[in-house]
>>> print(open('protein_30.tsv').read())   # TSV, C-alpha atoms
chain	number	residue	atom	x	y	z
A	1	PRO	CA	18.06	0.75	6.27
A	2	ARG	CA	15.02	1.13	4.05
A	3	SER	CA	12.54	-1.71	3.74
A	4	GLY	CA	12.60	-1.88	-0.06
A	5	VAL	CA	8.80	-1.86	0.02
A	6	ASP	CA	6.34	0.48	-1.70
A	7	LEU	CA	2.57	0.60	-1.23
A	8	LEU	CA	-0.26	1.06	-3.67
A	9	LEU	CA	-3.00	1.72	-1.16
A	10	ALA	CA	-6.67	2.34	-1.81
A	11	ILE	CA	-7.47	5.39	0.29
A	12	PRO	CA	-8.82	4.14	3.60
A	13	ARG	CA	-11.22	5.98	5.87
A	14	PRO	CA	-9.57	9.20	7.11
A	15	LYS	CA	-9.58	7.85	10.67
A	16	ALA	CA	-7.69	4.74	9.47
A	17	LEU	CA	-5.31	6.80	7.33
A	18	LYS	CA	-4.28	8.69	10.48
A	19	LYS	CA	-3.03	5.35	11.84
A	20	VAL	CA	-1.58	3.97	8.61
A	21	LEU	CA	0.67	6.90	7.63
A	22	PRO	CA	2.72	6.97	10.85
A	23	ALA	CA	3.02	3.17	10.67
A	24	VAL	CA	4.36	3.14	7.12
A	25	ALA	CA	6.84	5.89	7.96
A	26	SER	CA	8.10	4.05	11.03
A	27	LEU	CA	8.41	0.79	9.06
A	28	GLY	CA	10.62	2.38	6.39
A	29	VAL	CA	8.30	2.30	3.39
A	30	ASP	CA	9.80	4.27	0.51
A	31	ARG	CA	6.72	5.31	-1.44
A	32	VAL	CA	2.96	5.28	-0.90
A	33	VAL	CA	0.47	5.92	-3.66
A	34	LEU	CA	-2.99	6.57	-2.27
A	35	VAL	CA	-5.41	5.70	-5.03
A	36	ASN	CA	-9.12	5.75	-5.59
A	37	ALA	CA	-11.04	2.48	-5.87
A	38	ALA	CA	-14.65	1.45	-6.37
A	39	ARG	CA	-15.15	0.96	-2.62
A	40	VAL	CA	-13.53	4.25	-1.63
A	41	GLU	CA	-15.92	6.99	-0.59
A	42	LYS	CA	-15.45	10.02	-2.86
A	43	SER	CA	-15.63	12.30	0.19
A	44	TYR	CA	-12.28	10.90	1.42
A	45	PHE	CA	-10.53	13.07	-1.17
A	46	ASP	CA	-11.88	16.17	0.58
A	47	SER	CA	-10.51	15.10	3.96
A	48	LYS	CA	-7.95	17.30	5.69
A	49	VAL	CA	-5.92	14.13	6.26
A	50	LEU	CA	-4.78	14.35	2.61
A	51	GLU	CA	-3.54	17.92	2.94
A	52	GLY	CA	0.23	18.19	2.59
A	53	ASP	CA	0.93	19.59	6.06
A	54	PHE	CA	-1.31	17.02	7.74
A	55	VAL	CA	0.35	14.14	5.85
A	56	ARG	CA	3.79	15.50	6.73
A	57	GLU	CA	2.90	15.70	10.43
A	58	LEU	CA	1.65	12.11	10.47
A	59	LEU	CA	4.80	10.91	8.69
A	60	LEU	CA	6.98	12.80	11.16
A	61	GLN	CA	5.25	11.04	14.06
A	62	GLY	CA	6.22	7.70	12.55
A	63	LEU	CA	9.76	8.81	11.78
A	64	GLU	CA	10.28	10.04	15.34
A	65	GLN	CA	9.11	6.71	16.71
A	66	ALA	CA	11.53	4.80	14.48
A	67	ARG	CA	14.41	7.29	14.85
A	68	ASP	CA	14.40	7.78	11.09
A	69	THR	CA	14.84	10.87	8.95
A	70	ARG	CA	13.59	9.85	5.48
A	71	PRO	CA	9.84	10.06	5.06
A	72	PRO	CA	8.13	8.04	2.37
A	73	GLU	CA	7.05	9.85	-0.76
A	74	VAL	CA	3.24	10.10	-0.73
A	75	LEU	CA	1.28	10.53	-3.96
A	76	VAL	CA	-2.49	10.81	-4.29
A	77	ARG	CA	-4.24	9.64	-7.45
A	78	GLU	CA	-7.99	10.09	-7.86
A	79	ARG	CA	-8.35	7.76	-10.84
A	80	PHE	CA	-7.47	4.08	-10.45
A	81	ARG	CA	-7.43	2.82	-14.02
A	82	PRO	CA	-5.40	5.69	-15.53
A	83	PHE	CA	-2.87	5.34	-12.71
A	84	VAL	CA	-2.45	1.58	-13.22
A	85	GLU	CA	-2.36	1.78	-17.00
A	86	ASP	CA	-0.32	4.96	-17.45
A	87	GLU	CA	1.77	5.67	-14.33
A	88	LEU	CA	2.33	2.44	-12.43
A	89	ASP	CA	5.58	1.43	-14.17
A	90	ALA	CA	7.04	4.94	-13.96
A	91	VAL	CA	6.24	5.31	-10.25
A	92	PHE	CA	7.22	1.84	-9.02
A	93	GLY	CA	9.57	0.65	-11.75
A	94	THR	CA	9.28	-2.61	-13.63
A	95	ASP	CA	11.71	-4.74	-11.62
A	96	ALA	CA	9.84	-4.81	-8.31
A	97	LEU	CA	7.94	-7.88	-7.19
A	98	ARG	CA	4.28	-6.86	-7.34
A	99	LEU	CA	2.02	-8.48	-4.77
A	100	LEU	CA	-1.73	-8.39	-4.34
A	101	PRO	CA	-3.15	-9.58	-1.01
A	102	HIS	CA	-6.53	-10.85	-2.12
A	103	PRO	CA	-8.79	-13.17	-0.08
A	104	PRO	CA	-9.83	-15.49	-2.95
A	105	ALA	CA	-6.16	-16.31	-3.68
A	106	ARG	CA	-4.75	-19.62	-2.45
A	107	GLN	CA	-0.99	-19.02	-2.74
A	108	PRO	CA	0.62	-18.03	0.57
A	109	LEU	CA	2.95	-15.04	0.71
A	110	GLN	CA	5.91	-17.35	1.38
A	111	ALA	CA	5.52	-18.83	-2.12
A	112	ALA	CA	5.60	-15.47	-3.91
A	113	GLY	CA	9.39	-15.08	-4.07
A	114	VAL	CA	9.74	-12.23	-1.58
A	115	ALA	CA	13.09	-13.49	-0.25
A	116	GLU	CA	14.74	-13.01	-3.65
A	117	ALA	CA	13.16	-9.62	-4.42
A	118	GLN	CA	15.13	-6.39	-4.17
A	119	ARG	CA	11.93	-4.32	-4.15
A	120	VAL	CA	8.34	-5.21	-3.38
A	121	VAL	CA	5.15	-3.32	-4.19
A	122	LEU	CA	2.07	-4.25	-2.17
A	123	ALA	CA	-1.36	-3.33	-3.60
A	124	ILE	CA	-3.66	-3.14	-0.58
A	125	GLY	CA	-7.33	-2.58	-1.28
A	126	PRO	CA	-9.92	-0.72	0.75
A	127	ASP	CA	-12.02	-2.26	3.49
A	128	GLY	CA	-14.17	-4.64	1.47
A	129	GLY	CA	-11.30	-5.34	-0.93
A	130	TRP	CA	-10.65	-4.58	-4.56
A	131	VAL	CA	-13.63	-5.21	-6.86
A	132	PRO	CA	-13.02	-7.93	-9.49
A	133	PHE	CA	-12.22	-5.40	-12.25
A	134	GLU	CA	-9.54	-3.75	-10.10
A	135	ALA	CA	-7.98	-7.05	-9.04
A	136	GLU	CA	-7.94	-8.27	-12.65
A	137	LEU	CA	-6.34	-5.03	-13.87
A	138	LEU	CA	-3.66	-5.27	-11.19
A	139	GLU	CA	-3.00	-8.90	-12.11
A	140	ALA	CA	-2.75	-7.92	-15.78
A	141	HIS	CA	-0.03	-5.46	-14.72
A	142	GLY	CA	2.05	-8.09	-12.95
A	143	PHE	CA	0.59	-8.25	-9.44
A	144	GLN	CA	0.58	-11.77	-8.00
A	145	PRO	CA	-2.42	-12.52	-5.79
A	146	PHE	CA	-1.73	-14.22	-2.48
A	147	SER	CA	-3.66	-15.11	0.64
A	148	LEU	CA	-3.14	-13.92	4.18
A	149	GLY	CA	-5.36	-16.72	5.41
A	150	PRO	CA	-9.04	-17.00	6.22
A	151	ARG	CA	-9.37	-13.77	8.22
A	152	ILE	CA	-10.31	-10.51	6.55
A	153	LEU	CA	-8.38	-7.59	8.03
A	154	ARG	CA	-9.11	-3.89	8.15
A	155	VAL	CA	-6.64	-1.70	6.28
A	156	GLU	CA	-5.06	-0.30	9.45
A	157	THR	CA	-4.34	-3.87	10.57
A	158	ALA	CA	-3.42	-5.33	7.17
A	159	VAL	CA	-0.75	-2.72	6.37
A	160	PRO	CA	1.55	-3.36	9.38
A	161	VAL	CA	0.92	-7.12	9.24
A	162	LEU	CA	1.89	-7.27	5.56
A	163	LEU	CA	4.89	-5.00	5.99
A	164	GLY	CA	6.09	-7.13	8.90
A	165	GLN	CA	5.70	-10.35	6.93
A	166	VAL	CA	7.47	-8.96	3.86
A	167	THR	CA	10.30	-7.59	6.00
A	168	LEU	CA	10.69	-10.94	7.73
A	169	LEU	CA	10.75	-12.84	4.43
A	170	LYS	CA	13.26	-10.40	2.91
A	171	ALA	CA	15.64	-10.64	5.89
A	172	PRO	CA	18.74	-12.72	5.29
A	173	ALA	CA	18.87	-15.98	7.20
A	174	PRO	CA	21.07	-15.81	10.34
>>> encode(input="protein_30.tsv", output="structure tokens")
Amino acid sequence: PRSGVDLLLAIPRPKALKKVLPAVASLGVDRVVLVNAARVEKSYFDSKVLEGDFVRELLLQGLEQARDTRPPEVLVRERFRPFVEDELDAVFGTDALRLLPHPPARQPLQAAGVAEAQRVVLAIGPDGGWVPFEAELLEAHGFQPFSLGPRILRVETAVPVLLGQVTLLKAPAP
């Protein structure tokens, strides 16, 4: 079964992306949009990690581990604001619960309504987080900020932790 989770992910360091893509494939993510952000190095867009064959190979590694056959759709968008303002609803739909892990937030993930959601979109920022403008724009487009606690996590750690927590909260009670 699919996780019912999509990711809006600020492009991490290429080395981190090599870890994140197999993880999201093995955890059953349906769609990943890799997007630019203020704290994303422009050179990341020139990395071979974003080439179609390289992405496909990383996704296959994750699928093999999970004994799955459906890779997530991976889109790359070089402009944050136009994506959020013009494409976000078309790519992720309007019915999904939109969540924004953001350190200044106080609300815990458990209070965000994940258990009742059919679909969830997580907007995970780069190492260093979303800048205030980006966080505010995401909030204006329906993303609810929540806190993971006092620790700041690297992207390659935050992605599997968040996917695990969302999956656990979405699971029906025994």
>>> closest_residue(input="protein_30.tsv", among="A:Leu59, A:Ala112, A:Ala105, A:Val131", to="Pro145 of chain A", atoms="all atoms listed in the file")
A:Ala105
>>> closest_residue(input="protein_30.tsv", among="A:Pro150, A:Gly142, A:Gly93, A:Pro126", to="Pro14 of chain A", atoms="all atoms listed in the file")
A:Pro126
>>> closest_residue(input="protein_30.tsv", among="A:Pro101, A:Gly149, A:Pro12, A:Pro82", to="Val121 of chain A", atoms="all atoms listed in the file")
A:Pro101
>>> residues_around(input="protein_30.tsv", residues="Val35 of chain A", least_positions_apart="4", cutoff="8 Å", atoms="all atoms listed in the file", output="list in words")
Leu8, Leu9, Ala10, Ile11, Val76, Arg77, Glu78, Arg79 and Phe80 of chain A
>>> write_last_selection(input="protein_30.tsv", atoms="C-alpha atoms", output="compact mmCIF listing (two decimals), in the frame of the given file")
# COMPACT_ATOMS: atom_id res chain seq x y z
CA LEU A 8 -0.26 1.06 -3.67
CA LEU A 9 -3.00 1.72 -1.16
CA ALA A 10 -6.67 2.34 -1.81
CA ILE A 11 -7.47 5.39 0.29
CA VAL A 76 -2.49 10.81 -4.29
CA ARG A 77 -4.24 9.64 -7.45
CA GLU A 78 -7.99 10.09 -7.86
CA ARG A 79 -8.35 7.76 -10.84
CA PHE A 80 -7.47 4.08 -10.45
>>> residues_around(input="protein_30.tsv", residues="Asp127 of chain A", least_positions_apart="2", cutoff="8 Å", atoms="all atoms listed in the file", output="ChimeraX atom specification")
/A:12,39,125,129,153-155
>>> atom_distance(input="protein_30.tsv", atom1="atom CA of Leu169 of chain A", atom2="atom CA of Val120 of chain A")
11.2 Å
>>> residues_near_point(input="protein_30.tsv", point="(7.2, -7.4, -3.7)", cutoff="6 Å", atoms="only C-alpha atoms", output="PyMOL selection string")
chain A and resi 96-99+114+119-121
>>> residues_around(input="protein_30.tsv", residues="Glu51 of chain A", least_positions_apart="6", cutoff="12 Å", atoms="only C-alpha atoms", output="VMD selection string")
chain A and resid 14 18 44 to 45 57 to 58 74 to 76
>>> atom_distance(input="protein_30.tsv", atom1="atom CA of Leu100 of chain A", atom2="atom CA of Ala123 of chain A")
5.1 Å
>>> closest_residue(input="protein_30.tsv", among="A:Ala37, A:Ile152, A:Ala25, A:Leu50", to="Asp68 of chain A", atoms="all atoms listed in the file")
A:Ala25
>>> atom_distance(input="protein_30.tsv", atom1="atom CA of Asp30 of chain A", atom2="atom CA of Val166 of chain A")
13.8 Å
>>> decode(input="protein_30.tsv", residues="segment 45-80 of chain A", atoms="N, CA, C and O atoms", output="PDB file, in the first residue's frame")
ATOM      1  N   PHE A  45      21.609  22.419  -8.833  1.00  0.00           N
ATOM      2  CA  PHE A  45      20.831  22.129 -10.035  1.00  0.00           C
ATOM      3  C   PHE A  45      21.682  21.565 -11.161  1.00  0.00           C
ATOM      4  O   PHE A  45      21.159  20.984 -12.101  1.00  0.00           O
ATOM      5  N   ASP A  46      22.994  21.728 -11.075  1.00  0.00           N
ATOM      6  CA  ASP A  46      23.906  21.192 -12.080  1.00  0.00           C
ATOM      7  C   ASP A  46      24.428  19.811 -11.701  1.00  0.00           C
ATOM      8  O   ASP A  46      25.179  19.204 -12.461  1.00  0.00           O
ATOM      9  N   SER A  47      24.025  19.306 -10.553  1.00  0.00           N
ATOM     10  CA  SER A  47      24.522  18.025 -10.067  1.00  0.00           C
ATOM     11  C   SER A  47      23.995  16.866 -10.905  1.00  0.00           C
ATOM     12  O   SER A  47      22.834  16.855 -11.329  1.00  0.00           O
ATOM     13  N   LYS A  48      24.830  15.867 -11.099  1.00  0.00           N
ATOM     14  CA  LYS A  48      24.407  14.670 -11.831  1.00  0.00           C
ATOM     15  C   LYS A  48      23.324  13.907 -11.082  1.00  0.00           C
ATOM     16  O   LYS A  48      22.597  13.108 -11.669  1.00  0.00           O
ATOM     17  N   VAL A  49      23.183  14.170  -9.788  1.00  0.00           N
ATOM     18  CA  VAL A  49      22.163  13.484  -8.985  1.00  0.00           C
ATOM     19  C   VAL A  49      20.762  13.810  -9.496  1.00  0.00           C
ATOM     20  O   VAL A  49      19.846  13.015  -9.346  1.00  0.00           O
ATOM     21  N   LEU A  50      20.577  14.962 -10.139  1.00  0.00           N
ATOM     22  CA  LEU A  50      19.263  15.345 -10.656  1.00  0.00           C
ATOM     23  C   LEU A  50      18.993  14.831 -12.067  1.00  0.00           C
ATOM     24  O   LEU A  50      17.885  15.016 -12.580  1.00  0.00           O
ATOM     25  N   GLU A  51      19.974  14.189 -12.676  1.00  0.00           N
ATOM     26  CA  GLU A  51      19.759  13.631 -14.014  1.00  0.00           C
ATOM     27  C   GLU A  51      18.790  12.454 -13.932  1.00  0.00           C
ATOM     28  O   GLU A  51      18.818  11.677 -12.966  1.00  0.00           O
ATOM     29  N   GLY A  52      17.931  12.338 -14.919  1.00  0.00           N
ATOM     30  CA  GLY A  52      16.869  11.331 -14.916  1.00  0.00           C
ATOM     31  C   GLY A  52      17.336   9.917 -14.616  1.00  0.00           C
ATOM     32  O   GLY A  52      16.729   9.220 -13.793  1.00  0.00           O
ATOM     33  N   ASP A  53      18.396   9.457 -15.269  1.00  0.00           N
ATOM     34  CA  ASP A  53      18.872   8.088 -15.055  1.00  0.00           C
ATOM     35  C   ASP A  53      19.421   7.892 -13.645  1.00  0.00           C
ATOM     36  O   ASP A  53      19.233   6.840 -13.040  1.00  0.00           O
ATOM     37  N   PHE A  54      20.070   8.918 -13.118  1.00  0.00           N
ATOM     38  CA  PHE A  54      20.627   8.828 -11.768  1.00  0.00           C
ATOM     39  C   PHE A  54      19.498   8.770 -10.736  1.00  0.00           C
ATOM     40  O   PHE A  54      19.517   7.950  -9.814  1.00  0.00           O
ATOM     41  N   VAL A  55      18.486   9.618 -10.911  1.00  0.00           N
ATOM     42  CA  VAL A  55      17.320   9.617 -10.021  1.00  0.00           C
ATOM     43  C   VAL A  55      16.640   8.259 -10.077  1.00  0.00           C
ATOM     44  O   VAL A  55      16.297   7.667  -9.057  1.00  0.00           O
ATOM     45  N   ARG A  56      16.446   7.750 -11.276  1.00  0.00           N
ATOM     46  CA  ARG A  56      15.774   6.458 -11.443  1.00  0.00           C
ATOM     47  C   ARG A  56      16.533   5.344 -10.732  1.00  0.00           C
ATOM     48  O   ARG A  56      15.947   4.498 -10.054  1.00  0.00           O
ATOM     49  N   GLU A  57      17.850   5.346 -10.833  1.00  0.00           N
ATOM     50  CA  GLU A  57      18.665   4.322 -10.173  1.00  0.00           C
ATOM     51  C   GLU A  57      18.526   4.411  -8.648  1.00  0.00           C
ATOM     52  O   GLU A  57      18.401   3.392  -7.969  1.00  0.00           O
ATOM     53  N   LEU A  58      18.546   5.613  -8.116  1.00  0.00           N
ATOM     54  CA  LEU A  58      18.387   5.778  -6.669  1.00  0.00           C
ATOM     55  C   LEU A  58      17.002   5.313  -6.213  1.00  0.00           C
ATOM     56  O   LEU A  58      16.865   4.670  -5.166  1.00  0.00           O
ATOM     57  N   LEU A  59      15.978   5.634  -6.984  1.00  0.00           N
ATOM     58  CA  LEU A  59      14.621   5.197  -6.638  1.00  0.00           C
ATOM     59  C   LEU A  59      14.510   3.674  -6.701  1.00  0.00           C
ATOM     60  O   LEU A  59      13.879   3.056  -5.834  1.00  0.00           O
ATOM     61  N   LEU A  60      15.140   3.069  -7.691  1.00  0.00           N
ATOM     62  CA  LEU A  60      15.108   1.610  -7.807  1.00  0.00           C
ATOM     63  C   LEU A  60      15.767   0.939  -6.608  1.00  0.00           C
ATOM     64  O   LEU A  60      15.305  -0.112  -6.144  1.00  0.00           O
ATOM     65  N   GLN A  61      16.831   1.530  -6.091  1.00  0.00           N
ATOM     66  CA  GLN A  61      17.476   0.978  -4.899  1.00  0.00           C
ATOM     67  C   GLN A  61      16.484   0.927  -3.739  1.00  0.00           C
ATOM     68  O   GLN A  61      16.416  -0.069  -3.014  1.00  0.00           O
ATOM     69  N   GLY A  62      15.741   1.998  -3.566  1.00  0.00           N
ATOM     70  CA  GLY A  62      14.748   2.036  -2.494  1.00  0.00           C
ATOM     71  C   GLY A  62      13.604   1.075  -2.730  1.00  0.00           C
ATOM     72  O   GLY A  62      13.118   0.416  -1.796  1.00  0.00           O
ATOM     73  N   LEU A  63      13.161   0.962  -3.967  1.00  0.00           N
ATOM     74  CA  LEU A  63      12.067   0.045  -4.292  1.00  0.00           C
ATOM     75  C   LEU A  63      12.484  -1.402  -4.057  1.00  0.00           C
ATOM     76  O   LEU A  63      11.706  -2.206  -3.531  1.00  0.00           O
ATOM     77  N   GLU A  64      13.704  -1.743  -4.440  1.00  0.00           N
ATOM     78  CA  GLU A  64      14.200  -3.106  -4.217  1.00  0.00           C
ATOM     79  C   GLU A  64      14.211  -3.439  -2.731  1.00  0.00           C
ATOM     80  O   GLU A  64      13.806  -4.524  -2.322  1.00  0.00           O
ATOM     81  N   GLN A  65      14.669  -2.495  -1.920  1.00  0.00           N
ATOM     82  CA  GLN A  65      14.729  -2.720  -0.486  1.00  0.00           C
ATOM     83  C   GLN A  65      13.343  -2.991   0.092  1.00  0.00           C
ATOM     84  O   GLN A  65      13.164  -3.834   0.952  1.00  0.00           O
ATOM     85  N   ALA A  66      12.350  -2.259  -0.416  1.00  0.00           N
ATOM     86  CA  ALA A  66      10.990  -2.362   0.127  1.00  0.00           C
ATOM     87  C   ALA A  66      10.138  -3.402  -0.602  1.00  0.00           C
ATOM     88  O   ALA A  66       8.970  -3.569  -0.262  1.00  0.00           O
ATOM     89  N   ARG A  67      10.702  -4.049  -1.607  1.00  0.00           N
ATOM     90  CA  ARG A  67       9.938  -4.989  -2.440  1.00  0.00           C
ATOM     91  C   ARG A  67       8.713  -4.301  -3.038  1.00  0.00           C
ATOM     92  O   ARG A  67       7.597  -4.784  -2.960  1.00  0.00           O
ATOM     93  N   ASP A  68       8.954  -3.153  -3.635  1.00  0.00           N
ATOM     94  CA  ASP A  68       7.907  -2.342  -4.234  1.00  0.00           C
ATOM     95  C   ASP A  68       8.196  -2.198  -5.722  1.00  0.00           C
ATOM     96  O   ASP A  68       9.321  -2.448  -6.168  1.00  0.00           O
ATOM     97  N   THR A  69       7.191  -1.785  -6.479  1.00  0.00           N
ATOM     98  CA  THR A  69       7.377  -1.642  -7.918  1.00  0.00           C
ATOM     99  C   THR A  69       6.959  -0.277  -8.444  1.00  0.00           C
ATOM    100  O   THR A  69       7.143  -0.004  -9.620  1.00  0.00           O
ATOM    101  N   ARG A  70       6.399   0.577  -7.598  1.00  0.00           N
ATOM    102  CA  ARG A  70       5.911   1.882  -8.047  1.00  0.00           C
ATOM    103  C   ARG A  70       6.784   3.007  -7.499  1.00  0.00           C
ATOM    104  O   ARG A  70       6.659   3.371  -6.336  1.00  0.00           O
ATOM    105  N   PRO A  71       7.648   3.554  -8.345  1.00  0.00           N
ATOM    106  CA  PRO A  71       8.498   4.645  -7.868  1.00  0.00           C
ATOM    107  C   PRO A  71       7.686   5.923  -7.706  1.00  0.00           C
ATOM    108  O   PRO A  71       6.669   6.121  -8.371  1.00  0.00           O
ATOM    109  N   PRO A  72       8.148   6.802  -6.830  1.00  0.00           N
ATOM    110  CA  PRO A  72       7.486   8.097  -6.737  1.00  0.00           C
ATOM    111  C   PRO A  72       7.762   8.921  -7.994  1.00  0.00           C
ATOM    112  O   PRO A  72       8.793   8.743  -8.645  1.00  0.00           O
ATOM    113  N   GLU A  73       6.835   9.782  -8.319  1.00  0.00           N
ATOM    114  CA  GLU A  73       7.065  10.755  -9.376  1.00  0.00           C
ATOM    115  C   GLU A  73       7.995  11.814  -8.792  1.00  0.00           C
ATOM    116  O   GLU A  73       7.784  12.268  -7.661  1.00  0.00           O
ATOM    117  N   VAL A  74       9.017  12.196  -9.531  1.00  0.00           N
ATOM    118  CA  VAL A  74       9.962  13.211  -9.057  1.00  0.00           C
ATOM    119  C   VAL A  74       9.956  14.368 -10.053  1.00  0.00           C
ATOM    120  O   VAL A  74      10.213  14.181 -11.234  1.00  0.00           O
ATOM    121  N   LEU A  75       9.650  15.559  -9.546  1.00  0.00           N
ATOM    122  CA  LEU A  75       9.657  16.779 -10.342  1.00  0.00           C
ATOM    123  C   LEU A  75      10.707  17.718  -9.772  1.00  0.00           C
ATOM    124  O   LEU A  75      10.915  17.749  -8.561  1.00  0.00           O
ATOM    125  N   VAL A  76      11.340  18.495 -10.623  1.00  0.00           N
ATOM    126  CA  VAL A  76      12.327  19.479 -10.192  1.00  0.00           C
ATOM    127  C   VAL A  76      11.842  20.851 -10.649  1.00  0.00           C
ATOM    128  O   VAL A  76      11.512  21.035 -11.817  1.00  0.00           O
ATOM    129  N   ARG A  77      11.794  21.778  -9.700  1.00  0.00           N
ATOM    130  CA  ARG A  77      11.369  23.138 -10.006  1.00  0.00           C
ATOM    131  C   ARG A  77      12.421  24.110  -9.494  1.00  0.00           C
ATOM    132  O   ARG A  77      12.745  24.121  -8.314  1.00  0.00           O
ATOM    133  N   GLU A  78      12.939  24.934 -10.399  1.00  0.00           N
ATOM    134  CA  GLU A  78      14.026  25.842 -10.042  1.00  0.00           C
ATOM    135  C   GLU A  78      13.552  27.151  -9.438  1.00  0.00           C
ATOM    136  O   GLU A  78      14.367  27.933  -8.956  1.00  0.00           O
ATOM    137  N   ARG A  79      12.247  27.402  -9.444  1.00  0.00           N
ATOM    138  CA  ARG A  79      11.754  28.675  -8.909  1.00  0.00           C
ATOM    139  C   ARG A  79      10.675  28.405  -7.866  1.00  0.00           C
ATOM    140  O   ARG A  79       9.604  27.887  -8.179  1.00  0.00           O
ATOM    141  N   PHE A  80      10.966  28.761  -6.627  1.00  0.00           N
ATOM    142  CA  PHE A  80      10.088  28.473  -5.500  1.00  0.00           C
ATOM    143  C   PHE A  80       8.745  29.189  -5.596  1.00  0.00           C
ATOM    144  O   PHE A  80       7.690  28.558  -5.581  1.00  0.00           O
TER     145      PHE A  80
END
